[in-house]
>>> print(open('upload20.txt').read())   # compact mmCIF, C-alpha atoms and all ligand atoms
# COMPACT_ATOMS: atom_id res chain seq x y z
CA MET A 1 0.00 0.00 0.00
CA ALA A 2 1.16 3.50 -0.77
CA PRO A 3 2.41 5.29 2.36
CA ASP A 4 0.37 8.32 1.40
CA GLY A 5 -2.47 7.35 -0.91
CA GLN A 6 -3.90 10.84 -0.98
CA THR A 7 -0.91 12.28 -2.86
CA LEU A 8 -0.16 9.28 -5.11
CA ALA A 9 -3.72 8.67 -6.28
CA PRO A 10 -4.56 10.22 -9.64
CA ASN A 11 -7.02 13.09 -9.65
CA VAL A 12 -10.14 11.74 -11.33
CA TYR A 13 -12.22 14.89 -10.90
CA ASP A 14 -10.37 17.46 -13.02
CA ALA A 15 -11.86 18.00 -16.47
CA GLU A 16 -9.83 18.04 -19.68
CA PRO A 17 -8.91 21.54 -20.86
CA ILE A 18 -11.35 23.06 -23.34
CA PRO A 19 -9.77 23.10 -26.83
CA ASP A 20 -7.99 26.36 -27.68
CA ALA A 21 -10.28 27.02 -30.63
CA ALA A 22 -12.98 28.01 -28.10
CA ARG A 23 -10.97 31.09 -27.03
CA ALA A 24 -11.11 32.96 -30.33
CA GLU A 25 -14.84 32.38 -30.66
CA ILE A 26 -15.52 33.41 -27.06
CA ASP A 27 -13.42 36.56 -27.61
CA ARG A 28 -15.44 37.36 -30.71
CA LEU A 29 -18.71 36.89 -28.82
CA LEU A 30 -17.51 39.00 -25.90
CA SER A 31 -16.42 41.81 -28.25
CA SER A 32 -19.70 41.88 -30.11
CA GLY A 33 -21.89 41.08 -27.10
CA ASP A 34 -23.78 38.67 -29.35
CA LEU A 35 -24.76 36.11 -26.71
CA PHE A 36 -28.42 35.42 -27.50
CA ARG A 37 -28.99 32.61 -29.98
CA TYR A 38 -31.66 34.45 -31.96
CA THR A 39 -29.93 37.83 -32.43
CA ALA A 40 -27.86 36.94 -35.50
CA ALA A 41 -29.78 36.51 -38.74
CA GLU A 42 -27.92 33.26 -39.33
CA GLY A 43 -24.88 31.27 -38.29
CA ALA A 44 -25.30 31.76 -34.52
CA PRO A 45 -23.04 29.34 -32.59
CA VAL A 46 -26.09 27.57 -31.09
CA ALA A 47 -27.60 27.02 -34.55
CA LEU A 48 -24.27 25.72 -35.86
CA LEU A 49 -23.99 23.36 -32.90
CA GLU A 50 -27.47 21.99 -33.63
CA GLN A 51 -26.56 21.38 -37.26
CA GLU A 52 -23.23 19.72 -36.39
CA PHE A 53 -24.67 17.58 -33.62
CA ALA A 54 -27.57 16.34 -35.76
CA GLU A 55 -25.08 15.41 -38.49
CA LEU A 56 -22.74 13.69 -36.04
CA LEU A 57 -25.51 11.55 -34.56
CA GLY A 58 -27.37 11.00 -37.83
CA SER A 59 -30.63 12.73 -36.86
CA ARG A 60 -32.81 15.17 -38.81
CA TYR A 61 -33.32 17.75 -36.06
CA ALA A 62 -31.45 18.90 -32.97
CA LEU A 63 -32.47 21.47 -30.37
CA ALA A 64 -29.86 22.80 -27.92
CA VAL A 65 -31.22 23.76 -24.50
CA SER A 66 -30.08 24.66 -20.99
CA SER A 67 -29.66 21.09 -19.65
CA CYS A 68 -30.51 17.47 -20.36
CA SER A 69 -33.25 17.78 -17.74
CA ALA A 70 -34.75 20.60 -19.82
CA ALA A 71 -34.50 18.37 -22.92
CA LEU A 72 -36.29 15.52 -21.11
CA PHE A 73 -39.01 17.90 -19.90
CA LEU A 74 -39.49 19.37 -23.40
CA SER A 75 -39.56 15.87 -24.96
CA LEU A 76 -42.41 14.83 -22.70
CA LYS A 77 -44.23 18.14 -23.29
CA ALA A 78 -43.74 17.80 -27.06
CA LEU A 79 -45.33 14.33 -26.95
CA ASP A 80 -48.53 16.11 -25.88
CA LEU A 81 -49.32 13.57 -23.16
CA PRO A 82 -52.45 14.02 -21.06
CA ARG A 83 -51.99 15.51 -17.59
CA GLY A 84 -51.07 12.72 -15.15
CA ALA A 85 -49.85 10.44 -17.96
CA LYS A 86 -47.83 7.50 -16.70
CA VAL A 87 -44.21 7.42 -17.81
CA LEU A 88 -42.12 4.29 -17.21
CA ILE A 89 -38.60 5.06 -16.01
CA PRO A 90 -35.88 2.77 -14.66
CA ALA A 91 -35.63 2.80 -10.87
CA PHE A 92 -31.85 3.25 -11.27
CA THR A 93 -31.35 6.72 -12.65
CA PHE A 94 -30.47 10.24 -11.52
CA ALA A 95 -33.10 12.12 -9.49
CA ALA A 96 -33.36 14.75 -12.25
CA VAL A 97 -35.15 12.15 -14.41
CA PRO A 98 -38.22 11.51 -12.24
CA SER A 99 -38.10 15.26 -11.57
CA ALA A 100 -38.43 16.06 -15.29
CA VAL A 101 -41.42 13.70 -15.45
CA VAL A 102 -43.10 15.45 -12.52
CA HIS A 103 -42.28 18.85 -14.02
CA ALA A 104 -44.06 17.78 -17.24
CA ASP A 105 -47.22 17.03 -15.18
CA CYS A 106 -46.76 13.28 -15.66
CA THR A 107 -46.48 10.44 -13.15
CA PRO A 108 -43.32 8.33 -13.09
CA VAL A 109 -43.73 4.56 -12.78
CA LEU A 110 -40.51 2.95 -11.60
CA VAL A 111 -39.32 -0.24 -13.29
CA GLU A 112 -36.99 -2.75 -11.65
CA VAL A 113 -33.32 -2.76 -12.67
CA GLY A 114 -31.19 -5.90 -12.39
CA GLU A 115 -27.71 -6.41 -10.97
CA ASN A 116 -26.32 -5.66 -14.46
CA TYR A 117 -27.71 -2.07 -14.13
CA ARG A 118 -30.18 -2.69 -16.96
CA ILE A 119 -33.97 -2.67 -17.00
CA ASP A 120 -35.71 -5.89 -15.97
CA ILE A 121 -37.67 -6.65 -19.14
CA ASP A 122 -40.24 -8.82 -17.31
CA ASP A 123 -41.13 -5.95 -14.98
CA PHE A 124 -41.09 -3.55 -17.95
CA SER A 125 -43.56 -5.76 -19.88
CA ALA A 126 -45.79 -6.08 -16.84
CA LYS A 127 -45.97 -2.29 -16.36
CA LEU A 128 -46.14 -1.27 -20.04
CA PRO A 129 -49.94 -1.72 -20.44
CA GLU A 130 -50.58 1.16 -17.98
CA ALA A 131 -47.96 3.45 -19.59
CA ASP A 132 -48.49 6.47 -21.88
CA ALA A 133 -44.77 6.93 -22.54
CA VAL A 134 -41.43 5.29 -21.77
CA LEU A 135 -38.30 7.18 -20.69
CA ILE A 136 -35.18 5.00 -20.76
CA SER A 137 -32.14 6.25 -18.84
CA HIS A 138 -28.99 4.58 -20.07
CA MET A 139 -27.32 5.07 -16.68
CA ARG A 140 -23.56 5.63 -17.02
CA GLY A 141 -24.03 4.44 -20.62
CA HIS A 142 -25.25 0.96 -19.60
CA THR A 143 -27.77 0.15 -22.28
CA SER A 144 -30.89 -1.83 -21.49
CA ASP A 145 -32.23 -4.28 -24.07
CA MET A 146 -33.36 -1.67 -26.62
CA ASP A 147 -34.49 -4.41 -29.05
CA ALA A 148 -37.00 -5.73 -26.51
CA ILE A 149 -37.97 -2.25 -25.29
CA MET A 150 -38.65 -0.93 -28.82
CA THR A 151 -40.50 -4.07 -29.94
CA LEU A 152 -42.75 -4.06 -26.87
CA SER A 153 -43.31 -0.28 -26.91
CA ASP A 154 -44.01 -0.13 -30.65
CA ALA A 155 -46.51 -2.98 -30.33
CA ALA A 156 -48.23 -1.10 -27.49
CA GLY A 157 -48.11 2.21 -29.42
CA VAL A 158 -46.17 3.88 -26.60
CA PRO A 159 -43.47 6.47 -27.52
CA VAL A 160 -39.93 6.02 -26.19
CA VAL A 161 -37.71 8.89 -25.04
CA GLU A 162 -34.03 8.07 -24.52
CA ASP A 163 -32.19 9.74 -21.66
CA ALA A 164 -28.74 9.50 -23.21
CA ALA A 165 -27.34 12.21 -20.89
CA HIS A 166 -24.28 10.12 -20.11
CA SER A 167 -24.26 7.94 -23.25
CA LEU A 168 -22.80 10.12 -25.96
CA GLY A 169 -20.65 7.80 -28.12
CA THR A 170 -22.35 4.58 -27.01
CA THR A 171 -23.76 2.44 -29.81
CA TRP A 172 -26.31 -0.38 -29.99
CA HIS A 173 -25.94 -2.68 -33.01
CA GLY A 174 -23.63 0.05 -34.31
CA ARG A 175 -26.36 2.69 -34.08
CA ASN A 176 -25.94 5.77 -31.90
CA ILE A 177 -27.73 5.69 -28.59
CA GLY A 178 -30.26 8.52 -28.59
CA THR A 179 -31.39 7.77 -32.17
CA ILE A 180 -33.34 4.60 -31.35
CA GLY A 181 -36.36 6.06 -29.57
CA LYS A 182 -38.56 8.91 -30.83
CA VAL A 183 -36.33 11.46 -29.07
CA GLY A 184 -32.83 11.31 -27.56
CA CYS A 185 -31.56 13.74 -24.90
CA PHE A 186 -27.92 14.45 -24.01
CA SER A 187 -26.16 16.48 -21.31
CA PHE A 188 -23.17 18.84 -21.55
CA GLN A 189 -22.88 19.15 -17.75
CA SER A 190 -19.24 18.93 -16.64
CA TYR A 191 -19.24 15.23 -15.64
CA LYS A 192 -20.37 14.08 -19.09
CA LEU A 193 -18.28 13.35 -22.20
CA VAL A 194 -18.60 16.91 -23.55
CA ASN A 195 -18.21 19.61 -20.89
CA ALA A 196 -19.85 23.03 -21.09
CA GLY A 197 -20.51 23.36 -17.37
CA GLU A 198 -24.22 23.10 -18.16
CA GLY A 199 -26.21 22.43 -21.29
CA GLY A 200 -28.26 19.83 -23.10
CA ILE A 201 -29.49 18.86 -26.54
CA MET A 202 -32.33 16.77 -27.92
CA ILE A 203 -32.47 14.99 -31.29
CA THR A 204 -35.39 13.57 -33.25
CA ASP A 205 -36.46 12.71 -36.79
CA ASP A 206 -40.06 13.78 -36.12
CA PRO A 207 -40.74 17.27 -37.56
CA GLU A 208 -43.91 17.88 -35.50
CA LEU A 209 -42.20 16.91 -32.26
CA ALA A 210 -39.17 19.06 -33.14
CA ALA A 211 -41.37 22.06 -34.01
CA ARG A 212 -43.33 21.80 -30.77
CA ALA A 213 -40.17 21.44 -28.67
CA ILE A 214 -38.47 24.37 -30.44
CA ILE A 215 -41.40 26.69 -29.79
CA MET A 216 -41.72 25.62 -26.16
CA SER A 217 -37.95 26.02 -25.64
CA GLY A 218 -38.51 29.74 -26.27
CA ALA A 219 -38.50 30.37 -30.05
CA TYR A 220 -41.08 33.13 -29.67
CA GLU A 221 -42.65 35.17 -32.48
CA GLN A 222 -40.77 34.45 -35.73
CA ASN A 223 -37.61 33.04 -34.16
CA TRP A 224 -38.54 29.52 -35.24
CA LYS A 225 -37.65 30.63 -38.77
CA LYS A 226 -34.02 30.31 -37.71
CA HIS A 227 -34.47 26.52 -37.34
CA PRO A 228 -34.13 24.97 -40.80
CA GLY A 229 -36.41 22.39 -42.33
CA LEU A 230 -39.53 22.88 -40.23
CA GLN A 231 -41.40 25.78 -41.79
CA ASN A 232 -44.60 23.80 -42.47
CA SER A 233 -44.76 22.37 -38.98
CA PHE A 234 -44.33 25.66 -37.15
CA GLY A 235 -47.29 27.39 -38.73
CA HIS A 236 -49.92 25.51 -36.79
CA TRP A 237 -48.14 25.57 -33.42
CA GLN A 238 -47.26 29.25 -33.18
CA ASN A 239 -48.90 30.91 -30.15
CA LYS A 240 -50.66 27.65 -29.25
CA LEU A 241 -47.91 26.42 -26.92
CA PRO A 242 -46.39 27.92 -23.77
CA LEU A 243 -42.86 29.32 -23.91
CA TYR A 244 -40.75 27.70 -21.19
CA ASN A 245 -37.55 29.58 -22.18
CA LEU A 246 -34.96 26.85 -21.79
CA ARG A 247 -32.68 28.10 -24.57
CA MET A 248 -28.94 27.63 -24.78
CA GLN A 249 -26.83 30.79 -25.11
CA ASN A 250 -24.00 31.29 -27.59
CA LEU A 251 -21.13 31.08 -25.08
CA SER A 252 -22.11 27.50 -24.22
CA ALA A 253 -22.17 26.52 -27.88
CA ALA A 254 -18.73 28.12 -28.33
CA VAL A 255 -17.39 25.84 -25.58
CA ILE A 256 -19.12 22.72 -26.95
CA ARG A 257 -18.44 22.94 -30.70
CA PRO A 258 -14.62 22.51 -30.56
CA GLN A 259 -15.14 19.45 -28.34
CA LEU A 260 -17.20 17.58 -30.96
CA PRO A 261 -14.07 16.47 -32.89
CA GLU A 262 -12.65 15.17 -29.57
CA ILE A 263 -15.54 12.78 -28.97
CA ALA A 264 -14.17 9.85 -30.99
CA ARG A 265 -10.85 9.93 -29.12
CA ARG A 266 -12.52 10.26 -25.72
CA VAL A 267 -14.73 7.27 -26.56
CA THR A 268 -11.81 5.07 -27.66
CA ASP A 269 -9.62 6.04 -24.70
CA GLY A 270 -12.45 5.73 -22.19
CA ARG A 271 -13.37 2.28 -23.45
CA ARG A 272 -9.72 1.13 -23.39
CA ASN A 273 -9.27 2.41 -19.80
CA HIS A 274 -12.50 0.84 -18.63
CA ASP A 275 -11.83 -2.55 -20.17
CA TRP A 276 -8.30 -2.64 -18.78
CA VAL A 277 -9.45 -1.97 -15.21
CA ALA A 278 -12.48 -4.27 -15.63
CA ALA A 279 -10.20 -7.18 -16.55
CA GLN A 280 -8.18 -6.65 -13.33
CA LEU A 281 -11.28 -6.50 -11.14
CA ASN A 282 -12.84 -9.55 -12.79
CA ALA A 283 -9.69 -11.56 -12.05
CA THR A 284 -10.50 -11.34 -8.31
CA ASP A 285 -12.93 -13.48 -6.32
CA TRP A 286 -14.64 -10.49 -4.71
CA LEU A 287 -15.48 -8.05 -7.48
CA VAL A 288 -17.33 -8.40 -10.76
CA VAL A 289 -18.03 -6.06 -13.66
CA PRO A 290 -21.34 -7.23 -15.17
CA ASP A 291 -21.25 -8.08 -18.87
CA ALA A 292 -22.81 -5.64 -21.33
CA LEU A 293 -25.55 -6.96 -23.60
CA PRO A 294 -23.89 -8.05 -26.88
CA PRO A 295 -25.19 -5.20 -29.15
CA GLU A 296 -23.72 -2.49 -26.85
CA ASP A 297 -20.43 -0.64 -27.38
CA ARG A 298 -20.13 1.76 -24.51
CA ALA A 299 -18.24 5.05 -24.10
CA PRO A 300 -17.35 4.86 -20.40
CA ASP A 301 -15.81 7.62 -18.28
CA SER A 302 -16.27 5.63 -15.08
CA ILE A 303 -16.45 2.01 -14.01
CA GLN A 304 -19.25 0.23 -12.19
CA PHE A 305 -18.72 -3.12 -10.51
CA ASN A 306 -20.52 -5.25 -7.94
CA LEU A 307 -19.29 -6.68 -4.67
CA LYS A 308 -19.46 -10.38 -5.52
CA GLY A 309 -20.81 -13.04 -3.18
CA ASP A 310 -21.75 -12.35 0.43
CA TRP A 311 -20.84 -8.91 1.64
CA SER A 312 -22.49 -7.30 4.65
CA ASP A 313 -23.19 -3.55 4.70
CA ASP A 314 -20.39 -3.18 7.25
CA GLN A 315 -17.94 -5.01 4.98
CA ALA A 316 -19.00 -2.86 2.04
CA ARG A 317 -18.37 0.27 4.12
CA ALA A 318 -15.01 -1.10 5.29
CA PHE A 319 -14.08 -1.63 1.63
CA GLN A 320 -14.99 1.98 0.83
CA ALA A 321 -12.89 3.18 3.77
CA ALA A 322 -9.93 1.02 2.71
CA ALA A 323 -10.10 2.42 -0.85
CA LYS A 324 -10.35 5.95 0.56
CA ARG A 325 -7.16 5.40 2.57
CA ARG A 326 -5.48 4.74 -0.78
CA GLY A 327 -6.95 7.95 -2.18
CA ILE A 328 -9.70 6.31 -4.26
CA THR A 329 -13.34 7.27 -3.75
CA VAL A 330 -15.73 4.39 -4.33
CA GLN A 331 -19.37 5.40 -4.38
CA ILE A 332 -21.79 2.63 -3.43
CA PHE A 333 -25.04 4.12 -4.67
CA GLY A 334 -27.30 2.71 -1.94
CA LEU A 335 -24.86 3.19 0.94
CA THR A 336 -24.12 6.88 0.41
CA GLU A 337 -26.42 9.01 2.54
CA GLY A 338 -29.02 10.83 0.44
CA ASN A 339 -27.62 9.51 -2.88
CA ALA A 340 -29.54 11.05 -5.81
CA ARG A 341 -29.40 7.72 -7.70
CA ALA A 342 -31.09 5.69 -4.94
CA TYR A 343 -34.81 5.72 -5.66
CA TRP A 344 -35.85 5.66 -2.01
CA ASN A 345 -34.40 9.17 -1.71
CA TRP A 346 -36.84 10.55 -4.31
CA GLN A 347 -39.24 11.61 -1.57
CA PHE A 348 -40.75 14.31 -3.79
CA LEU A 349 -42.60 11.47 -5.54
CA GLY A 350 -44.62 10.74 -2.42
CA ASP A 351 -45.33 7.04 -1.82
CA LEU A 352 -42.38 5.07 -3.14
CA PRO A 353 -42.74 1.47 -4.25
CA ASP A 354 -40.53 -1.30 -2.91
CA LEU A 355 -38.29 -2.59 -5.68
CA PRO A 356 -36.24 -5.38 -4.12
CA ARG A 357 -34.10 -6.18 -7.19
CA THR A 358 -33.07 -2.57 -7.73
CA ARG A 359 -32.52 -2.08 -4.00
CA ALA A 360 -30.26 -5.14 -3.77
CA MET A 361 -28.23 -3.93 -6.75
CA LEU A 362 -27.87 -0.38 -5.37
CA MET A 363 -26.57 -1.72 -2.04
CA ARG A 364 -23.62 -3.52 -3.70
CA ALA A 365 -22.98 -1.56 -6.92
CA CYS A 366 -19.77 0.49 -6.83
CA ASP A 367 -18.88 3.48 -8.96
CA VAL A 368 -15.40 4.90 -9.62
CA ARG A 369 -14.60 7.73 -12.00
CA LEU A 370 -12.20 6.81 -14.82
CA PRO A 371 -11.78 9.81 -17.13
CA ALA A 372 -10.45 9.17 -20.64
CA ARG A 373 -7.27 11.19 -20.00
CA LEU A 374 -5.86 8.73 -17.39
CA THR A 375 -2.51 7.07 -18.18
CA GLU A 376 -1.74 3.40 -17.74
CA PRO A 377 0.22 3.86 -14.46
CA GLU A 378 -2.73 5.87 -13.11
CA LEU A 379 -5.16 3.12 -14.12
CA ALA A 380 -2.87 0.53 -12.52
CA TYR A 381 -2.85 2.56 -9.30
CA ILE A 382 -6.64 2.72 -9.24
CA ALA A 383 -7.12 -0.99 -10.01
CA GLU A 384 -4.55 -1.99 -7.40
CA ALA A 385 -6.13 0.30 -4.79
CA ILE A 386 -9.59 -1.16 -5.37
CA ILE A 387 -8.38 -4.76 -5.36
CA SER A 388 -6.24 -4.44 -2.26
CA ALA A 389 -9.06 -2.59 -0.48
CA ALA A 390 -11.34 -5.57 -1.23
CA GLY A 391 -8.54 -7.87 -0.06
CA ASP A 392 -8.27 -5.97 3.24
CA VAL A 393 -11.89 -6.92 3.96
CA LYS A 394 -12.18 -10.36 2.35
CA ALA A 395 -8.75 -12.02 2.21
C1 LIG B 1 -26.42 13.94 -15.84
C2 LIG B 1 -27.64 13.15 -16.10
C3 LIG B 1 -28.88 13.77 -16.23
C4 LIG B 1 -29.09 15.25 -16.02
O1 LIG B 1 -28.39 16.04 -16.94
P1 LIG B 1 -28.39 17.65 -16.72
O2 LIG B 1 -27.79 18.18 -17.99
O3 LIG B 1 -27.51 17.91 -15.53
O4 LIG B 1 -29.78 18.07 -16.51
C5 LIG B 1 -29.97 12.98 -16.51
N1 LIG B 1 -29.86 11.65 -16.67
C6 LIG B 1 -28.67 11.01 -16.55
C7 LIG B 1 -28.60 9.54 -16.76
C8 LIG B 1 -27.52 11.74 -16.25
O5 LIG B 1 -26.35 11.10 -16.13
>>> encode(input="upload20.txt", output="structure tokens")
Amino acid sequence: MAPDGQTLAPNVYDAEPIPDAARAEIDRLLSSGDLFRYTAAEGAPVALLEQEFAELLGSRYALAVSSCSAALFLSLKALDLPRGAKVLIPAFTFAAVPSAVVHADCTPVLVEVGENYRIDIDDFSAKLPEADAVLISHMRGHTSDMDAIMTLSDAAGVPVVEDAAHSLGTTWHGRNIGTIGKVGCFSFQSYKLVNAGEGGIMITDDPELAARAIIMSGAYEQNWKKHPGLQNSFGHWQNKLPLYNLRMQNLSAAVIRPQLPEIARRVTDGRRNHDWVAAQLNATDWLVVPDALPPEDRAPDSIQFNLKGDWSDDQARAFQAAAKRRGITVQIFGLTEGNARAYWNWQFLGDLPDLPRTRAMLMRACDVRLPARLTEPELAYIAEAIISAAGDVKA
């Protein structure tokens, strides 16, 4: 063990620097004061970002907004669901997801998640008949069985929204996550693959849905004319929908656009780092990284693994403490007080169901950040710290 883990452990929290190209554009925006996306007649940074992102993902329309939560909210609003509509969501997700459902005047219905962090398709099928919409969070990029989910949802005539906040770069049968459902939503918050501090974007091929979302995002009066390809659809929605004003401003787009060419490298490096550490953890008797479903190619910037076999809560906490002594923070979703990813903490929902499978998973699922920029010695330090911390408790 390192004599002083705190100083030897790699820093997994610092972001990558923003590419230099952002500086010139930010300077230009500061000099002109042109920060609002709808001031310029054309070519505003936010509009360019939408065009580039839609092209990158292979979608017809993109709408940049203030956060992924805003994108999820607008997606549900743009589906024109009745008040109180039931929306299936996985019980393992970030608290902002059920919050977006509540904000859209809908009722979340939580679906069990298995120890592989993916939706339990039996529970999903059982709950689908009561659902008006489905919102799938690909938590940390772990992709649920989208073949089964789309087949079942299509047969039931229920629209699917993908929360791909943390899944940029992940593919399913080679297809980009976020392009499988009717709408896909992504985050540019700092802990995601592309970092703008805050920000989000939604993509869809549906012109009516795009037009409705654009107007509700705050394209008031004739501003929708600055979104290409939708002129017919806008006509009948103008002034019929509320304006929620969730727009992105130009400075955010200036920070995001130069990062788009970095995505492919971040995906490759993140996957290589993850798989290298996963192989070390899987070689132990105490830790296991659940297999992905075969069609998934993930873009990880963190690693999730389970404590394997019989571990008590006290042992799990002792493992966390032993890793901490080596300078590595291991989050165990269900053991961290007030964790926003543990469904029993979503008290704003009122009566919470008991979901024993999800609960059991959350009590033993561990989470360690593994940013793409880490070097092999840093990865080796992290793997060794985790493994010897488990050994301290179990060996
Ligand atoms: C980060 C995240 C969100 C929220 O994104 P914001 O841009 O912060 O609103 C939603 N869902 C998942 C799965 C996330 O990881």
>>> residues_near_ligand(input="upload20.txt", ligand="ligand LIG 1 (chain B)", cutoff="10 Å", atoms="all atoms listed in the file", output="number ranges by chain")
A: 65-73, 92-100, 136-142, 162-167, 185-192, 196-201, 341
>>> atom_distance(input="upload20.txt", atom1="atom CA of A:Ser125", atom2="atom CA of A:Leu168")
26.8 Å
>>> atom_distance(input="upload20.txt", atom1="atom CA of A:Asp105", atom2="atom CA of A:Ala85")
7.6 Å
>>> residues_around(input="upload20.txt", residues="stretch 205-221 of chain A", least_positions_apart="6", cutoff="8 Å", atoms="only C-alpha atoms", output="number ranges by chain")
A: 59-63, 65, 74-75, 77-79, 182-183, 230, 233-234, 237-239, 241-247
>>> write_last_selection(input="upload20.txt", atoms="C-alpha atoms", output="compact mmCIF listing (two decimals), keeping the file's coordinate frame")
# COMPACT_ATOMS: atom_id res chain seq x y z
CA SER A 59 -30.63 12.73 -36.86
CA ARG A 60 -32.81 15.17 -38.81
CA TYR A 61 -33.32 17.75 -36.06
CA ALA A 62 -31.45 18.90 -32.97
CA LEU A 63 -32.47 21.47 -30.37
CA VAL A 65 -31.22 23.76 -24.50
CA LEU A 74 -39.49 19.37 -23.40
CA SER A 75 -39.56 15.87 -24.96
CA LYS A 77 -44.23 18.14 -23.29
CA ALA A 78 -43.74 17.80 -27.06
CA LEU A 79 -45.33 14.33 -26.95
CA LYS A 182 -38.56 8.91 -30.83
CA VAL A 183 -36.33 11.46 -29.07
CA LEU A 230 -39.53 22.88 -40.23
CA SER A 233 -44.76 22.37 -38.98
CA PHE A 234 -44.33 25.66 -37.15
CA TRP A 237 -48.14 25.57 -33.42
CA GLN A 238 -47.26 29.25 -33.18
CA ASN A 239 -48.90 30.91 -30.15
CA LEU A 241 -47.91 26.42 -26.92
CA PRO A 242 -46.39 27.92 -23.77
CA LEU A 243 -42.86 29.32 -23.91
CA TYR A 244 -40.75 27.70 -21.19
CA ASN A 245 -37.55 29.58 -22.18
CA LEU A 246 -34.96 26.85 -21.79
CA ARG A 247 -32.68 28.10 -24.57
>>> closest_residue(input="upload20.txt", among="A:Pro353, A:Asp145, A:Arg317, A:Ile303", to="A:Val12", atoms="all atoms listed in the file")
A:Ile303
